[in-house]
$ cat coords13.txt   # compact mmCIF, C-alpha atoms
# COMPACT_ATOMS: atom_id res chain seq x y z
CA MET A 91 -14.77 -4.96 -9.42
CA SER A 92 -14.15 -8.06 -7.32
CA ASP A 93 -16.00 -11.19 -8.37
CA GLN A 94 -18.95 -11.52 -5.99
CA THR A 95 -21.16 -13.92 -7.95
CA THR A 96 -21.12 -16.45 -5.12
CA PRO A 97 -21.87 -15.16 -1.59
CA GLN A 98 -19.12 -16.05 0.88
CA ASP A 99 -18.83 -15.99 4.64
CA PRO A 100 -16.33 -13.17 5.35
CA THR A 101 -15.13 -14.92 8.50
CA THR A 102 -13.96 -18.01 6.62
CA GLN A 103 -13.37 -17.05 3.00
CA HIS A 104 -9.61 -16.76 3.61
CA PRO A 105 -7.45 -19.01 5.81
CA GLU A 106 -5.59 -17.97 8.94
CA PRO A 107 -1.91 -17.05 8.41
CA GLU A 108 0.60 -19.88 8.52
CA GLN A 109 4.34 -19.34 8.67
CA PRO A 110 7.34 -21.43 9.78
CA ALA A 111 8.81 -20.62 13.19
CA GLU A 112 11.77 -18.85 11.59
CA ASN A 113 10.72 -15.53 10.09
CA ILE A 114 11.61 -14.63 6.53
CA PRO A 115 14.34 -11.99 6.09
CA HIS A 116 13.36 -8.34 5.71
CA PRO A 117 11.98 -6.84 3.49
CA GLY A 118 10.31 -10.15 2.67
CA LEU A 119 9.51 -11.69 -0.70
CA THR A 120 6.21 -13.31 -1.61
CA GLY A 121 7.99 -16.46 -2.75
CA GLU A 122 9.45 -16.95 0.73
CA MET A 123 6.03 -17.10 2.37
CA GLU A 124 4.58 -20.46 3.35
CA GLN A 125 1.07 -19.15 2.71
CA LYS A 126 0.91 -16.82 -0.29
CA PRO A 127 -1.33 -13.74 -0.10
CA ASP A 128 -4.30 -13.36 -2.41
CA HIS A 129 -3.79 -10.33 -4.67
CA GLY A 130 -6.93 -10.92 -6.71
CA GLU A 131 -5.18 -12.91 -9.42
CA GLU A 132 -8.17 -15.24 -9.80
CA SER A 133 -10.96 -13.00 -8.53
CA TYR A 134 -10.59 -9.37 -9.60
CA VAL A 135 -12.66 -8.48 -12.67
CA GLY A 136 -12.34 -4.96 -14.04
CA SER A 137 -15.03 -2.84 -15.67
CA GLY A 138 -13.07 -0.03 -17.33
CA ARG A 139 -13.32 2.44 -14.46
CA LEU A 140 -9.74 3.67 -14.93
CA GLU A 141 -9.51 3.41 -18.70
CA GLY A 142 -6.55 5.41 -20.04
CA LYS A 143 -5.33 6.51 -16.59
CA ARG A 144 -1.65 6.44 -15.60
CA ALA A 145 -0.65 5.49 -12.07
CA ILE A 146 2.43 5.52 -9.85
CA ILE A 147 2.32 3.03 -6.98
CA THR A 148 5.10 2.96 -4.39
CA GLY A 149 5.68 -0.36 -2.70
CA GLY A 150 4.06 -1.85 -5.78
CA ASP A 151 6.06 -5.07 -5.87
CA SER A 152 4.04 -7.13 -3.38
CA GLY A 153 1.23 -7.15 -0.85
CA ILE A 154 -1.25 -4.29 -1.04
CA GLY A 155 0.77 -2.56 -3.78
CA ARG A 156 0.63 -5.60 -6.04
CA ALA A 157 -3.12 -6.02 -5.50
CA VAL A 158 -3.68 -2.35 -6.34
CA ALA A 159 -1.46 -2.54 -9.45
CA LEU A 160 -3.36 -5.61 -10.66
CA ALA A 161 -6.76 -4.01 -10.03
CA PHE A 162 -5.75 -0.72 -11.66
CA ALA A 163 -4.50 -2.57 -14.75
CA ARG A 164 -7.67 -4.64 -15.05
CA GLU A 165 -9.64 -1.39 -14.77
CA GLY A 166 -7.69 0.01 -17.73
CA ALA A 167 -4.75 1.93 -16.21
CA ASP A 168 -1.07 1.83 -17.10
CA VAL A 169 1.07 1.39 -13.99
CA LEU A 170 4.55 2.30 -12.79
CA ILE A 171 5.65 0.52 -9.62
CA VAL A 172 8.35 1.72 -7.23
CA TYR A 173 10.23 -0.75 -5.04
CA LEU A 174 13.58 -1.53 -3.41
CA PRO A 175 16.15 -3.22 -5.69
CA ASP A 176 16.12 -6.26 -3.36
CA GLU A 177 12.49 -6.80 -4.32
CA GLU A 178 13.12 -7.22 -8.06
CA GLN A 179 11.74 -10.76 -8.12
CA ASP A 180 8.38 -9.65 -6.74
CA ALA A 181 8.35 -6.54 -8.91
CA GLN A 182 8.71 -8.56 -12.09
CA GLU A 183 5.75 -10.72 -11.12
CA THR A 184 3.62 -7.62 -10.49
CA VAL A 185 4.57 -6.14 -13.85
CA ARG A 186 3.72 -9.46 -15.52
CA LEU A 187 0.22 -9.28 -14.01
CA VAL A 188 -0.18 -5.70 -15.27
CA ARG A 189 0.94 -6.63 -18.78
CA ASP A 190 -1.22 -9.74 -18.82
CA ALA A 191 -4.14 -7.38 -18.27
CA GLY A 192 -3.18 -5.66 -21.51
CA ARG A 193 -1.74 -2.53 -19.90
CA LYS A 194 1.73 -0.99 -19.79
CA GLY A 195 3.77 -1.93 -16.73
CA VAL A 196 6.93 -0.01 -15.82
CA THR A 197 9.44 -0.77 -13.07
CA CYS A 198 11.33 1.90 -11.12
CA PRO A 199 13.65 0.42 -8.48
CA GLY A 200 15.28 2.64 -5.88
CA ASP A 201 15.27 3.86 -2.31
CA LEU A 202 12.54 6.37 -1.44
CA ARG A 203 14.70 7.66 1.42
CA ASP A 204 16.78 9.43 -1.23
CA GLU A 205 15.00 12.71 -1.99
CA ALA A 206 16.44 12.88 -5.50
CA PHE A 207 14.86 9.53 -6.34
CA SER A 208 11.41 11.13 -6.21
CA GLN A 209 12.23 13.21 -9.27
CA THR A 210 13.55 10.10 -11.01
CA ILE A 211 10.20 8.41 -10.42
CA VAL A 212 8.27 11.34 -11.88
CA ASP A 213 10.61 11.67 -14.86
CA THR A 214 10.23 7.95 -15.58
CA ALA A 215 6.44 8.17 -15.40
CA LEU A 216 6.38 11.16 -17.74
CA SER A 217 8.64 9.50 -20.29
CA GLU A 218 7.24 5.95 -20.09
CA LEU A 219 3.56 6.58 -19.37
CA GLY A 220 3.19 10.05 -20.84
CA GLY A 221 1.90 11.59 -17.62
CA VAL A 222 0.43 10.88 -14.20
CA ASP A 223 -3.23 10.76 -13.18
CA ILE A 224 -3.02 8.71 -9.97
CA LEU A 225 -0.38 8.64 -7.23
CA VAL A 226 -0.54 5.92 -4.60
CA ASN A 227 1.84 6.53 -1.68
CA ASN A 228 1.88 3.00 -0.31
CA ALA A 229 5.49 2.06 0.52
CA ALA A 230 6.20 1.62 4.22
CA TYR A 231 8.74 0.30 6.68
CA GLN A 232 7.91 -1.26 10.02
CA MET A 233 9.81 -3.31 12.56
CA SER A 234 8.21 -4.55 15.76
CA GLN A 235 10.04 -3.86 19.04
CA GLU A 236 8.77 -5.81 22.05
CA ASN A 237 9.85 -3.13 24.55
CA GLY A 238 8.50 -0.33 22.42
CA LEU A 239 10.28 2.97 22.82
CA LEU A 240 13.08 1.52 24.97
CA ASP A 241 14.19 -0.72 22.08
CA LEU A 242 13.67 1.88 19.36
CA THR A 243 16.97 3.05 17.91
CA THR A 244 17.56 6.36 16.20
CA GLU A 245 18.51 4.38 13.10
CA GLN A 246 15.15 2.61 13.00
CA LEU A 247 13.23 5.82 13.75
CA ASP A 248 15.03 7.59 10.93
CA ARG A 249 14.35 4.77 8.48
CA THR A 250 10.66 4.56 9.39
CA MET A 251 10.11 8.31 9.20
CA LYS A 252 11.96 8.75 5.92
CA THR A 253 10.31 5.78 4.20
CA ASN A 254 6.77 6.42 5.41
CA VAL A 255 6.57 10.21 5.75
CA TYR A 256 9.46 12.04 4.10
CA ALA A 257 9.13 10.02 0.89
CA MET A 258 5.42 10.81 0.72
CA PHE A 259 6.15 14.53 1.02
CA TRP A 260 8.96 14.42 -1.54
CA LEU A 261 7.16 12.35 -4.16
CA THR A 262 3.87 14.18 -3.84
CA LYS A 263 5.68 17.51 -4.18
CA ALA A 264 7.48 16.26 -7.29
CA VAL A 265 4.29 14.89 -8.90
CA LEU A 266 1.95 17.77 -8.06
CA PRO A 267 3.00 20.16 -10.88
CA HIS A 268 2.17 17.44 -13.42
CA LEU A 269 -1.32 16.56 -12.14
CA GLN A 270 -4.39 17.86 -13.93
CA ALA A 271 -7.95 18.36 -12.70
CA GLY A 272 -9.47 14.94 -12.06
CA ALA A 273 -6.25 13.47 -10.70
CA SER A 274 -6.24 11.48 -7.49
CA ILE A 275 -3.68 11.01 -4.72
CA ILE A 276 -4.24 8.03 -2.44
CA ASN A 277 -2.16 7.49 0.70
CA THR A 278 -1.95 4.30 2.72
CA THR A 279 -2.48 5.08 6.38
CA SER A 280 -3.44 2.36 8.91
CA ILE A 281 -5.63 1.43 11.82
CA GLN A 282 -2.39 2.11 13.73
CA ALA A 283 -3.12 5.82 13.25
CA PHE A 284 -6.18 5.35 15.46
CA GLN A 285 -5.26 2.38 17.67
CA PRO A 286 -1.45 2.33 17.96
CA SER A 287 0.37 -0.79 19.12
CA PRO A 288 3.18 -0.07 21.61
CA GLN A 289 5.49 -2.43 19.72
CA LEU A 290 4.99 -0.33 16.56
CA ILE A 291 5.27 3.11 18.15
CA ASP A 292 7.31 4.69 15.36
CA TYR A 293 5.27 3.08 12.56
CA ALA A 294 2.00 4.11 14.21
CA ALA A 295 3.20 7.70 14.52
CA THR A 296 3.98 7.84 10.80
CA LYS A 297 0.56 6.49 9.92
CA ALA A 298 -1.07 9.24 11.98
CA ALA A 299 1.10 11.77 10.14
CA ILE A 300 -0.02 10.34 6.80
CA LEU A 301 -3.66 10.77 7.74
CA ASN A 302 -3.07 14.38 8.79
CA PHE A 303 -1.10 15.09 5.60
CA THR A 304 -3.99 13.68 3.57
CA LYS A 305 -6.51 16.03 5.18
CA ALA A 306 -4.30 19.10 4.84
CA LEU A 307 -3.23 18.48 1.24
CA ALA A 308 -6.82 17.77 0.20
CA GLN A 309 -7.78 21.30 1.24
CA GLN A 310 -4.76 22.79 -0.51
CA VAL A 311 -5.35 21.24 -3.94
CA ALA A 312 -9.16 21.01 -4.04
CA GLU A 313 -9.49 24.16 -6.15
CA GLN A 314 -7.24 22.52 -8.74
CA GLY A 315 -9.67 19.64 -9.06
CA ILE A 316 -7.24 17.19 -7.45
CA ARG A 317 -8.57 14.86 -4.77
CA VAL A 318 -6.55 13.39 -1.88
CA ASN A 319 -7.79 10.47 0.20
CA ALA A 320 -6.44 7.62 2.29
CA VAL A 321 -7.04 3.92 2.85
CA ALA A 322 -6.60 2.62 6.39
CA PRO A 323 -5.88 -1.12 6.40
CA GLY A 324 -6.17 -3.29 9.45
CA PRO A 325 -4.14 -6.52 9.73
CA ILE A 326 -3.37 -7.53 6.13
CA TRP A 327 -1.39 -10.66 5.20
CA THR A 328 1.67 -9.45 3.26
CA PRO A 329 5.40 -10.35 3.24
CA LEU A 330 6.00 -7.47 5.67
CA ILE A 331 4.26 -9.37 8.48
CA PRO A 332 6.43 -12.52 8.77
CA ALA A 333 9.49 -10.37 7.98
CA THR A 334 8.97 -7.92 10.85
CA MET A 335 6.93 -9.57 13.62
CA PRO A 336 7.69 -12.32 16.17
CA GLU A 337 6.52 -15.79 15.17
CA GLU A 338 3.92 -16.04 17.94
CA LYS A 339 2.30 -12.79 16.80
CA VAL A 340 2.32 -13.95 13.19
CA GLN A 341 0.32 -17.03 14.16
CA GLN A 342 -2.33 -14.86 15.84
CA PHE A 343 -2.24 -12.08 13.25
CA GLY A 344 -5.75 -10.73 12.65
CA ALA A 345 -7.45 -13.06 15.13
CA ASP A 346 -8.52 -10.15 17.34
CA THR A 347 -10.70 -8.55 14.65
CA PRO A 348 -14.48 -9.02 14.74
CA LEU A 349 -14.17 -11.08 11.54
CA GLY A 350 -11.56 -13.20 13.30
CA ARG A 351 -8.88 -13.30 10.61
CA ALA A 352 -6.29 -11.29 8.72
CA GLY A 353 -7.35 -9.56 5.54
CA GLN A 354 -5.89 -10.27 2.12
CA PRO A 355 -4.43 -7.65 -0.24
CA ALA A 356 -7.21 -8.39 -2.74
CA GLU A 357 -9.71 -7.12 -0.18
CA LEU A 358 -7.97 -3.71 -0.12
CA ALA A 359 -7.73 -3.08 -3.87
CA PRO A 360 -11.39 -2.05 -4.43
CA ALA A 361 -10.97 0.84 -1.96
CA TYR A 362 -8.08 2.24 -3.99
CA VAL A 363 -9.98 1.78 -7.24
CA PHE A 364 -12.93 3.67 -5.74
CA PHE A 365 -10.78 6.63 -4.72
CA ALA A 366 -9.00 6.65 -8.11
CA SER A 367 -12.22 6.51 -10.12
CA GLN A 368 -14.90 9.05 -10.98
CA GLU A 369 -17.25 7.26 -8.59
CA SER A 370 -15.65 9.12 -5.67
CA SER A 371 -15.65 12.53 -7.38
CA TYR A 372 -17.22 14.30 -4.39
CA ILE A 373 -14.92 12.76 -1.78
CA THR A 374 -11.63 14.32 -0.72
CA GLY A 375 -9.71 14.56 2.54
CA ASP A 376 -11.36 11.37 3.72
CA ARG A 377 -10.40 7.78 4.49
CA ILE A 378 -11.81 4.28 4.08
CA GLY A 379 -11.08 1.68 6.74
CA VAL A 380 -10.57 -1.92 5.67
CA THR A 381 -10.01 -3.38 9.12
CA GLY A 382 -12.01 -6.57 9.56
CA GLY A 383 -14.45 -4.72 11.77
CA ASN A 384 -12.07 -2.93 14.15
CA PRO A 385 -13.27 0.68 14.54
CA LEU A 386 -11.23 3.66 13.39
CA SER A 387 -11.55 5.65 16.60
$ encode --input "coords13.txt" --output "structure tokens"
Amino acid sequence: MSDQTTPQDPTTQHPEPEQPAENIPHPGLTGEMEQKPDHGEESYVGSGRLEGKRAIITGGDSGIGRAVALAFAREGADVLIVYLPDEEQDAQETVRLVRDAGRKGVTCPGDLRDEAFSQTIVDTALSELGGVDILVNNAAYQMSQENGLLDLTTEQLDRTMKTNVYAMFWLTKAVLPHLQAGASIINTTSIQAFQPSPQLIDYAATKAAILNFTKALAQQVAEQGIRVNAVAPGPIWTPLIPATMPEEKVQQFGADTPLGRAGQPAELAPAYVFFASQESSYITGDRIGVTGGNPLS
């Protein structure tokens, strides 16, 4: 669990985002950020809730994926992370954190838009980890367009849909035959599924699709003892933000939440641990919002 020995004011416990006027290049590396995200490196303390589990995490190189990988490892799970080859630097740091926690960390670089890659991921997990108990569909692509639909190209729409939705379908389908009763699938949706931003019209649509997929799949596999849930982040400070949003929006990122700031990846990880652990054994087809107080409605 996260270290909560000292009470902290949630409105001020993390600083507001700071980033130079010139955005970092997509997909964004943690090392390029002026203000590094908090992944729980100094704060997350595990308690054995995932002892002996084996997890696949897509988009596991940085941001939310890194925080989840770190938390899972400190809770006792071995972890395979999936990421784009351009993100190798971040991926190696994530794997180092997993191994420092005394767990096995495996890298699996590739492009999730390639359907065949999903089978490669599963084969790697089976051979390197010996099986799969947890699947976290977390990888995503977004690119803000100031004129919304009028600026949205077919190329961008195709990339967003394939990365965020198609890949989730393909990988889940490939993993499903290897999951046993007690396994957990956790999908990353977003507050955008409930309160879409016009500048992120394609991204928001995929996040709504992910939520619907979660509810439908949960009903399909419940009799097998497999649970499917989703985490819905609000504005979270990750490399994706300064790599895909205009500078003026980066400076104000998260300021419109009731807590008045962007969240940190470390503040998301406990939600994923909860859904992956036995503590949530009677929860499926549901979602947890981690939004800084913005309602999921």
$ closest_atom_pairs --input "coords13.txt" --of "segment 217-277 of chain A" --to "segment 167-176 of chain A" --cutoff "12 Å" --atoms "only C-alpha atoms" --output "tab-separated table"
residue	atom	partner	partner_atom	distance
A:Ser217	CA	A:Leu170	CA	11.2
A:Glu218	CA	A:Leu170	CA	8.6
A:Leu219	CA	A:Asp168	CA	7.0
A:Gly220	CA	A:Asp168	CA	10.0
A:Gly221	CA	A:Asp168	CA	10.2
A:Val222	CA	A:Val169	CA	9.5
A:Asp223	CA	A:Ala167	CA	9.5
A:Ile224	CA	A:Val169	CA	9.3
A:Leu225	CA	A:Leu170	CA	9.8
A:Val226	CA	A:Ile171	CA	9.6
A:Asn227	CA	A:Val172	CA	9.8
A:Asn228	CA	A:Val172	CA	9.6
A:Ala229	CA	A:Tyr173	CA	7.8
A:Ala230	CA	A:Tyr173	CA	10.4
A:Tyr231	CA	A:Leu174	CA	11.3
A:Thr253	CA	A:Leu174	CA	11.0
A:Ala257	CA	A:Val172	CA	11.6
A:Leu261	CA	A:Val172	CA	11.1
$ closest_residue --input "coords13.txt" --among "A:Val363, A:Ala163, A:Leu239, A:Val188" --to "Leu290 of chain A" --atoms "only C-alpha atoms"
A:Leu239
$ closest_residue --input "coords13.txt" --among "A:Ala283, A:Val340, A:Ser274, A:Ala264" --to "Tyr372 of chain A" --atoms "only C-alpha atoms"
A:Ser274
$ residues_near_point --input "coords13.txt" --point "(-9.4, -1.1, 8.4)" --cutoff "6 Å" --atoms "all atoms listed in the file" --output "list in words"
Ile281, Ala322, Pro323, Gly324, Gly379, Val380 and Thr381 of chain A
$ closest_residue --input "coords13.txt" --among "A:Ile154, A:Val135, A:Ala215, A:Met233" --to "Ser287 of chain A" --atoms "only C-alpha atoms"
A:Met233
$ closest_residue --input "coords13.txt" --among "A:Ala181, A:Leu187, A:Val158, A:Leu140" --to "Glu369 of chain A" --atoms "all atoms listed in the file"
A:Leu140
$ residues_around --input "coords13.txt" --residues "Ile316 of chain A" --least-positions-apart "4" --cutoff "9 Å" --atoms "all atoms listed in the file" --output "number ranges by chain"
A: 269-275, 308, 311-312, 374
$ closest_residue --input "coords13.txt" --among "A:Thr210, A:Thr250, A:Gln289, A:Thr328" --to "Ala356 of chain A" --atoms "only C-alpha atoms"
A:Thr328
